[in-house]
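**Student:** Handing you this structure, nothing more for now.
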2 protein chains.
Amino acid sequence: MTVKIEAPGGRPRYLQLATTLVHEIRTGRYPVGGLLPTEFELCDQFGVSRFTVREAVKQLVQMGMVTRQPGVGSRVLAAAPVTQYTQTMSGITDLRQYAYETSLEIEGQALLEVQGELADTLDASPGETWLHVWGLRYTEAHDAPICMTDAYVAPAFRSVSGLSGRMTRALYAVLEEQFDLQIKTVHQDIRAVVLDKAAARRLDAKPGSAGLRLERRYLDARDELVELAISVHPADRFTYRESFRRDWQVSM
Amino acid sequence: MTVKIEAPGGRPRYLQLATTLVHEIRTGRYPVGGLLPTEFELCDQFGVSRFTVREAVKQLVQMGMVTRQPGVGSRVLAAAPVTQYTQTMSGITDLRQYAYETSLEIEGQALLEVQGELADTLDASPGETWLHVWGLRYTEAHDAPICMTDAYVAPAFRSVSGLSGRMTRALYAVLEEQFDLQIKTVHQDIRAVVLDKAAARRLDAKPGSAGLRLERRYLDARDELVELAISVHPADRFTYRESFRRDWQVSM
DNA sequence: GAGTGGTCTAGACCACGAA
DNA sequence: TCGTGGTCTAGACCACTCG
């Protein structure tokens, strides 16, 4: 089937084409799990150059609806946009009170044979030996701590070195460097908790006050869990702040 | 100055060029606030085609270091990457217990002449009249509410209609549709709070228990605040979940 | 070996901003 | 009016996957 696409002057061709493809995916012409036509086929079908086709498919990739694989093709992942925002700015932990520079004081580390609930959380087989690292994070002023952190490092990387004293780099960054791996995905869960007596003492906060609990899973390119980090912040000393930018040009 | 860039076979030219440009920006050759050479000049300097130059600069744009403006040029915004992640997946509010579908029951709305602290929060002049909308959000099962929401709509959009009963769409989406505007940026602050008696009663939670407070600012293309939404969730009924993907190919 | 997506070239026209 | 970045064409070679 050949479809005419408007001449230049209006909306760019590649956006029109992207909109069309989104519509055709949503209506089931290209089912989830299947392949789109090849780039050259799309060129023929729509009478446009390969550049235009590639720009169009790039939009779908950006929306998380399609992946491309050299030698294989463009596979449909979802019938609706998965990605909400295309850019996440201003890091992952900003602080109130303009205290941006922080450091983690390592209190200890130990090899840990994971069992039961922790094994479930780590999606690990019971008996695997992970590295457990814990400590407190301070601002530069180094008054009261802004969080307590427990991190669990996967067996493959438990030989990581240099984890002691005052760390100014993130643990995952150390792992990336020492093991030549690349963190590709981060899953984050945020909850509110009530600080129990032990936690309150460590954080120099009042027992029964609120805390912000962040749980982060760092995954590599093969979606293997590299590190799990859990940090608990006293509510009055920490606000988690993030910014998103939406970049969509494909009208739905 | 002419710089040789490796022939094909190794790292793609556009990534090499991007790395070079990042380095030159960081070392001050192209100062923050200034313009990069034009695309054609970069073509000459590096002996590559415009395609390669554009792909390279696109990397810097993705990192938040550069913006491009037709008719003007490519302006340097920052000497280091600003963007941490290139994709934010799985929406902005996921729930525990597999309760994904929620609806907001509007309890009331009223025009509000903002003053004092609220005016500051909204970055508005005292006396401006905003629209205040509030309600409770329920899961499909419709048992206890999962959050209470207060939203403030900028004067320009306070005539929004259709805000009543049970809403299944986000307020910002309604605004986007009715006023043909596009939300470009969202700033989000997340804190833990302790629920006071009034909040606990509304949320059907225990006074003194913890709550998760999300504050979201929706900005349009001109960075004007369109809506401020504040929602408070009982800690035991809600976990905020998000996923990020890092997509960087430029080695620093 | 045939076909895929990834990279790259050398052109071209356009809308827009600045002088 | 001139130069900018945005879009677009028609080619090309490559590494890779798969039969």
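For the structure tokens, the naming scheme is as follows: chains receive sequential letters (A, B, ...) according to their order of presentation, residues are indexed from 1 within each chain, and ligands are indexed from 1 in presentation order.
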Mind listing as a list in words which residues of chain D are within 12 Å of chain B, counting only C-alpha atoms (C1' of nucleotides)?
**Tutor:**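 Here they are: DC2, DG3, DT4, DG5, DG6, DT7, DC8, DC13, DC14 and DA15 of chain D.
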**Student:** Could you dump the residues just selected with C-alpha atoms (C1' of nucleotides) as a compact mmCIF listing (two decimals), in the first residue's frame?
**Tutor:**
# COMPACT_ATOMS: atom_id res chain seq x y z
C1' DC D 2 22.40 36.51 4.49
C1' DG D 3 23.42 32.77 7.46
C1' DT D 4 21.50 29.66 10.82
C1' DG D 5 19.63 25.20 12.07
C1' DG D 6 15.63 21.88 10.37
C1' DT D 7 14.29 18.84 6.94
C1' DC D 8 15.02 15.79 3.06
C1' DC D 13 29.74 1.02 2.87
C1' DC D 14 29.81 -1.44 7.20
C1' DA D 15 28.98 -5.06 10.95
**Student:** Could you name the residues that touch A:Ser103 at 12 Å or less, counting only C-alpha atoms (C1' of nucleotides), but leaving out those on the same chain fewer than 4 positions away, as a PyMOL selection string?
**Tutor:** chain A and resi 99+135-142+145-149+164-171
**Student:** Go through chain C and flag each residue having an atom no more than 9 Å from chain A; for those, report the closest pair of atoms plus their distance in Å to one decimal, using only C-alpha atoms (C1' of nucleotides), ordered by chain and rising number, as a Markdown table.
**Tutor:**
| residue | atom | partner | partner_atom | distance |
| --- | --- | --- | --- | --- |
| C:DG3 | C1' | A:Gly71 | CA | 7.3 |
| C:DT4 | C1' | A:Gly71 | CA | 3.7 |
| C:DG5 | C1' | A:Pro70 | CA | 4.2 |
| C:DG6 | C1' | A:Pro70 | CA | 7.4 |
| C:DC14 | C1' | A:Gly9 | CA | 7.7 |
| C:DA15 | C1' | A:Gly9 | CA | 8.8 |
**Student:** Any chance you could export the current selection's N, CA and C atoms (P, O5', C5', C4', C3', O3' and C1' of nucleotides) as a CSV table (one decimal), in the first residue's frame?
**Tutor:**
chain,number,residue,atom,x,y,z
C,3,DG,P,17.9,-10.4,-0.4
C,3,DG,O5',17.7,-9.8,1.0
C,3,DG,C5',17.1,-10.5,2.1
C,3,DG,C4',17.3,-9.8,3.4
C,3,DG,C3',17.0,-8.3,3.3
C,3,DG,O3',16.2,-8.0,4.4
C,3,DG,C1',19.1,-8.7,4.3
C,4,DT,P,15.6,-6.5,4.5
C,4,DT,O5',16.2,-6.0,5.9
C,4,DT,C5',15.8,-6.7,7.1
C,4,DT,C4',16.8,-6.3,8.2
C,4,DT,C3',16.8,-4.8,8.4
C,4,DT,O3',15.9,-4.4,9.4
C,4,DT,C1',19.0,-5.8,8.5
C,5,DG,P,15.4,-2.9,9.5
C,5,DG,O5',16.6,-2.3,10.3
C,5,DG,C5',16.7,-2.6,11.7
C,5,DG,C4',18.1,-2.3,12.2
C,5,DG,C3',18.3,-0.8,12.5
C,5,DG,O3',19.1,-0.6,13.6
C,5,DG,C1',19.9,-1.5,10.9
C,6,DG,P,19.7,0.8,14.1
C,6,DG,O5',21.2,0.8,13.5
C,6,DG,C5',22.3,0.3,14.3
C,6,DG,C4',23.6,0.9,13.9
C,6,DG,C3',23.6,2.5,14.1
C,6,DG,O3',24.9,2.8,14.6
C,6,DG,C1',24.1,1.9,11.8
C,14,DC,P,12.2,26.1,-1.6
C,14,DC,O5',12.1,26.1,0.0
C,14,DC,C5',11.3,25.0,0.7
C,14,DC,C4',11.4,25.2,2.2
C,14,DC,C3',11.1,26.6,2.6
C,14,DC,O3',9.8,26.7,3.2
C,14,DC,C1',13.1,25.7,3.7
C,15,DA,P,9.2,28.1,3.6
C,15,DA,O5',9.6,28.2,5.1
C,15,DA,C5',9.3,27.2,6.1
C,15,DA,C4',9.7,27.6,7.5
C,15,DA,C3',9.3,29.0,7.9
C,15,DA,O3',9.1,28.9,9.3
C,15,DA,C1',11.6,29.0,7.7
**Student:** Please determine the contact residues of chain B with respect to chain A at a cut-off of 7 Å, counting only C-alpha atoms, and supply them as number ranges by chain.
**Tutor:** B: 82-91, 184-194, 209-212, 235, 239-246
**Student:** For N, CA and C atoms, I'd like the residues from the last selection saved as a short mmCIF file (atom, residue, chain, number, x, y, z; two decimals), in the first residue's frame.
**Tutor:**
data_model
loop_
_atom_site.label_atom_id
_atom_site.label_comp_id
_atom_site.auth_asym_id
_atom_site.auth_seq_id
_atom_site.Cartn_x
_atom_site.Cartn_y
_atom_site.Cartn_z
N VAL B 82 24.05 17.90 32.16
CA VAL B 82 22.97 18.27 33.08
C VAL B 82 21.98 17.12 33.18
N THR B 83 21.78 16.47 32.07
CA THR B 83 20.79 15.39 32.02
C THR B 83 21.42 14.09 32.51
N GLN B 84 20.75 13.45 33.45
CA GLN B 84 21.28 12.20 33.99
C GLN B 84 20.73 11.00 33.26
N TYR B 85 19.49 11.07 32.91
CA TYR B 85 18.85 9.94 32.27
C TYR B 85 18.08 10.44 31.06
N THR B 86 18.02 9.61 30.05
CA THR B 86 17.38 10.07 28.83
C THR B 86 15.95 9.58 28.71
N GLN B 87 15.59 8.62 29.53
CA GLN B 87 14.21 8.16 29.46
C GLN B 87 13.69 7.88 30.86
N THR B 88 12.50 8.33 31.13
CA THR B 88 11.86 8.02 32.39
C THR B 88 10.63 7.20 32.07
N MET B 89 10.63 5.99 32.57
CA MET B 89 9.58 5.07 32.17
C MET B 89 8.55 4.89 33.26
N SER B 90 7.55 4.12 32.95
CA SER B 90 6.52 3.67 33.88
C SER B 90 5.94 4.83 34.66
N GLY B 91 5.59 5.84 33.95
CA GLY B 91 4.74 6.90 34.46
C GLY B 91 5.27 7.57 35.69
N LYS B 184 5.78 21.25 29.11
CA LYS B 184 7.11 20.87 28.65
C LYS B 184 7.98 20.34 29.77
N THR B 185 7.82 20.91 30.94
CA THR B 185 8.70 20.57 32.05
C THR B 185 7.89 20.31 33.31
N VAL B 186 8.32 19.36 34.09
CA VAL B 186 7.70 19.10 35.38
C VAL B 186 8.79 19.09 36.44
N HIS B 187 8.61 19.91 37.47
CA HIS B 187 9.49 19.85 38.63
C HIS B 187 8.76 19.13 39.74
N GLN B 188 9.45 18.24 40.40
CA GLN B 188 8.79 17.46 41.43
C GLN B 188 9.62 17.43 42.71
N ASP B 189 8.96 17.71 43.80
CA ASP B 189 9.58 17.60 45.12
C ASP B 189 8.86 16.53 45.91
N ILE B 190 9.63 15.66 46.52
CA ILE B 190 9.04 14.58 47.30
C ILE B 190 9.58 14.63 48.73
N ARG B 191 8.67 14.67 49.70
CA ARG B 191 9.08 14.66 51.11
C ARG B 191 8.25 13.66 51.88
N ALA B 192 8.75 13.34 53.04
CA ALA B 192 7.94 12.58 53.99
C ALA B 192 7.35 13.56 54.98
N VAL B 193 6.13 13.30 55.40
CA VAL B 193 5.49 14.16 56.39
C VAL B 193 4.79 13.28 57.42
N VAL B 194 4.41 13.90 58.52
CA VAL B 194 3.60 13.21 59.51
C VAL B 194 2.17 13.71 59.34
N SER B 209 0.88 8.91 61.76
CA SER B 209 1.56 8.01 60.84
C SER B 209 2.21 8.82 59.73
N ALA B 210 3.01 8.14 58.91
CA ALA B 210 3.78 8.84 57.90
C ALA B 210 2.99 9.01 56.61
N GLY B 211 3.31 10.06 55.89
CA GLY B 211 2.71 10.29 54.58
C GLY B 211 3.77 10.71 53.58
N LEU B 212 3.50 10.42 52.32
CA LEU B 212 4.40 10.83 51.25
C LEU B 212 3.78 12.02 50.54
N ALA B 235 1.48 6.43 53.91
CA ALA B 235 2.70 5.69 53.60
C ALA B 235 2.44 4.22 53.34
N THR B 239 3.50 3.58 47.22
CA THR B 239 4.93 3.69 46.94
C THR B 239 5.08 4.39 45.60
N TYR B 240 5.90 5.39 45.57
CA TYR B 240 6.18 6.07 44.32
C TYR B 240 7.27 5.31 43.60
N ARG B 241 7.00 4.95 42.37
CA ARG B 241 7.93 4.10 41.64
C ARG B 241 8.24 4.71 40.29
N GLU B 242 9.53 4.69 39.93
CA GLU B 242 9.90 5.20 38.61
C GLU B 242 11.13 4.47 38.12
N SER B 243 11.33 4.50 36.82
CA SER B 243 12.48 3.84 36.21
C SER B 243 13.17 4.80 35.25
N PHE B 244 14.48 4.73 35.26
CA PHE B 244 15.26 5.59 34.38
C PHE B 244 16.13 4.74 33.48
N ARG B 245 16.36 5.26 32.30
CA ARG B 245 17.33 4.61 31.43
C ARG B 245 18.42 5.59 31.08
N ARG B 246 19.64 5.15 31.20
CA ARG B 246 20.78 5.97 30.80
C ARG B 246 21.17 5.56 29.39
#
**Student:** Considering only C-alpha atoms, can you say which of A:His132, A:Arg75, A:Arg26, A:Arg13 comes closest to A:Gly47?
**Tutor:** A:Arg13
**Student:** Env of C:DT9: 10 Å cut, atoms = only C-alpha atoms (C1' of nucleotides), seq-sep filter 5 positions within chain, self excluded. Answer as a list in words.
**Tutor:**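 Counting only the stated atoms, we get Val48, Ser49, Arg50, Phe51 and Thr52 of chain B; DG11 and DA12 of chain D.
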**Student:** Considering only alpha helix (DSSP H) as DSSP defines it on the backbone, what residues of stretch 147-213 of chain A qualify? List them as a short mmCIF file (atom, residue, chain, number, x, y, z; two decimals) with all heavy atoms, in the first residue's frame.
**Tutor:**
data_model
loop_
_atom_site.label_atom_id
_atom_site.label_comp_id
_atom_site.auth_asym_id
_atom_site.auth_seq_id
_atom_site.Cartn_x
_atom_site.Cartn_y
_atom_site.Cartn_z
N LEU A 171 28.43 4.76 44.79
CA LEU A 171 28.95 3.39 44.75
C LEU A 171 28.84 2.79 43.35
O LEU A 171 29.76 2.14 42.86
CB LEU A 171 28.18 2.54 45.77
CG LEU A 171 28.51 1.05 45.80
CD1 LEU A 171 30.00 0.79 45.90
CD2 LEU A 171 27.79 0.38 46.95
N TYR A 172 27.73 3.06 42.69
CA TYR A 172 27.57 2.47 41.37
C TYR A 172 28.63 2.98 40.40
O TYR A 172 29.06 2.28 39.49
CB TYR A 172 26.16 2.71 40.82
CG TYR A 172 25.90 4.11 40.33
CD1 TYR A 172 26.28 4.48 39.06
CD2 TYR A 172 25.27 5.06 41.13
CE1 TYR A 172 26.04 5.76 38.58
CE2 TYR A 172 25.04 6.33 40.68
CZ TYR A 172 25.43 6.68 39.41
OH TYR A 172 25.20 7.95 38.96
N ALA A 173 29.07 4.22 40.61
CA ALA A 173 30.10 4.78 39.74
C ALA A 173 31.44 4.07 39.98
O ALA A 173 32.20 3.82 39.04
CB ALA A 173 30.25 6.28 39.99
N VAL A 174 31.70 3.73 41.23
CA VAL A 174 32.92 2.98 41.55
C VAL A 174 32.88 1.61 40.88
O VAL A 174 33.86 1.15 40.29
CB VAL A 174 33.08 2.83 43.08
CG1 VAL A 174 34.28 1.94 43.41
CG2 VAL A 174 33.23 4.20 43.73
N LEU A 175 31.72 0.97 40.97
CA LEU A 175 31.57 -0.34 40.34
C LEU A 175 31.75 -0.24 38.83
O LEU A 175 32.44 -1.06 38.22
CB LEU A 175 30.18 -0.92 40.66
CG LEU A 175 29.91 -1.25 42.12
CD1 LEU A 175 28.46 -1.67 42.32
CD2 LEU A 175 30.85 -2.34 42.61
N GLU A 176 31.16 0.78 38.24
CA GLU A 176 31.29 0.95 36.79
C GLU A 176 32.75 1.04 36.37
O GLU A 176 33.15 0.48 35.36
CB GLU A 176 30.55 2.22 36.35
CG GLU A 176 29.06 2.03 36.12
CD GLU A 176 28.40 3.28 35.58
OE1 GLU A 176 28.71 4.38 36.08
OE2 GLU A 176 27.57 3.17 34.66
N GLU A 177 33.50 1.78 37.19
CA GLU A 177 34.89 1.99 36.81
C GLU A 177 35.73 0.73 37.01
O GLU A 177 36.46 0.30 36.12
CB GLU A 177 35.47 3.14 37.64
CG GLU A 177 36.83 3.59 37.17
CD GLU A 177 37.42 4.60 38.13
OE1 GLU A 177 36.69 5.56 38.50
OE2 GLU A 177 38.57 4.43 38.53
N GLN A 178 35.57 0.10 38.18
CA GLN A 178 36.43 -1.04 38.48
C GLN A 178 36.13 -2.27 37.65
O GLN A 178 37.00 -3.10 37.41
CB GLN A 178 36.33 -1.39 39.97
CG GLN A 178 37.14 -0.45 40.85
CD GLN A 178 37.19 -0.92 42.30
OE1 GLN A 178 37.18 -2.10 42.58
NE2 GLN A 178 37.21 0.04 43.21
N PHE A 179 34.90 -2.39 37.21
CA PHE A 179 34.53 -3.62 36.50
C PHE A 179 34.16 -3.38 35.05
O PHE A 179 33.63 -4.27 34.40
CB PHE A 179 33.40 -4.33 37.24
CG PHE A 179 33.79 -4.79 38.61
CD1 PHE A 179 33.51 -4.01 39.72
CD2 PHE A 179 34.46 -5.99 38.78
CE1 PHE A 179 33.89 -4.43 40.99
CE2 PHE A 179 34.84 -6.42 40.03
CZ PHE A 179 34.55 -5.63 41.15
N LYS A 197 13.29 3.58 66.90
CA LYS A 197 14.27 4.15 67.83
C LYS A 197 15.69 4.03 67.30
O LYS A 197 16.48 4.98 67.34
CB LYS A 197 14.16 3.43 69.20
CG LYS A 197 13.55 4.34 70.27
CD LYS A 197 13.69 3.73 71.65
CE LYS A 197 12.42 3.04 72.07
NZ LYS A 197 12.46 2.46 73.42
N ALA A 198 16.02 2.85 66.76
CA ALA A 198 17.39 2.64 66.29
C ALA A 198 17.73 3.59 65.14
O ALA A 198 18.78 4.24 65.14
CB ALA A 198 17.55 1.18 65.84
N ALA A 199 16.82 3.67 64.19
CA ALA A 199 17.07 4.54 63.04
C ALA A 199 17.18 5.99 63.49
O ALA A 199 18.04 6.74 63.01
CB ALA A 199 15.94 4.38 62.02
N ALA A 200 16.29 6.38 64.38
CA ALA A 200 16.31 7.76 64.85
C ALA A 200 17.63 8.09 65.53
O ALA A 200 18.19 9.17 65.35
CB ALA A 200 15.14 7.99 65.82
N ARG A 201 18.15 7.14 66.28
CA ARG A 201 19.42 7.41 66.95
C ARG A 201 20.54 7.57 65.93
O ARG A 201 21.33 8.50 66.00
CB ARG A 201 19.75 6.27 67.93
CG ARG A 201 20.90 6.62 68.88
CD ARG A 201 21.03 5.64 70.02
NE ARG A 201 21.06 4.26 69.54
CZ ARG A 201 20.15 3.33 69.86
NH1 ARG A 201 19.16 3.63 70.68
NH2 ARG A 201 20.26 2.11 69.39
N ARG A 202 20.57 6.67 64.96
CA ARG A 202 21.64 6.78 63.95
C ARG A 202 21.56 8.11 63.21
O ARG A 202 22.57 8.72 62.88
CB ARG A 202 21.52 5.65 62.93
CG ARG A 202 22.06 4.33 63.40
CD ARG A 202 22.05 3.31 62.28
NE ARG A 202 23.12 3.51 61.31
CZ ARG A 202 23.20 2.88 60.15
NH1 ARG A 202 22.23 2.04 59.80
NH2 ARG A 202 24.20 3.10 59.32
N LEU A 203 20.34 8.54 62.93
CA LEU A 203 20.16 9.73 62.11
C LEU A 203 20.09 11.01 62.94
O LEU A 203 19.93 12.10 62.39
CB LEU A 203 18.88 9.60 61.26
CG LEU A 203 18.96 8.57 60.14
CD1 LEU A 203 17.59 8.32 59.54
CD2 LEU A 203 19.92 9.07 59.06
#
**Student:** List as a ChimeraX atom specification the protein and nucleic acid residues near stretch 121-126 of chain B, meaning an atom at most 10 Å away when only C-alpha atoms (C1' of nucleotides) are counted, but skip any in the same chain fewer than 3 places from it.
**Tutor:** /B:113-118,129-130,152-155,217,224-228
**Student:** Between atom CA of B:Gln16 and atom CA of A:Gln59, what distance in Å does the model show, to one decimal?
**Tutor:**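 That distance, rounded to one decimal, is 24.1 Å.
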**Student:** Suppose you want the space between atom CA of B:Ala18 and atom C1' of D:DT9; what is it in Å?
**Tutor:** 25.6 Å
**Student:** So how many Å separate atom CA of B:Gly28 and atom CA of B:Asp223, to one decimal?
**Tutor:**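 Computing it gives 28.4 Å between the two atoms.
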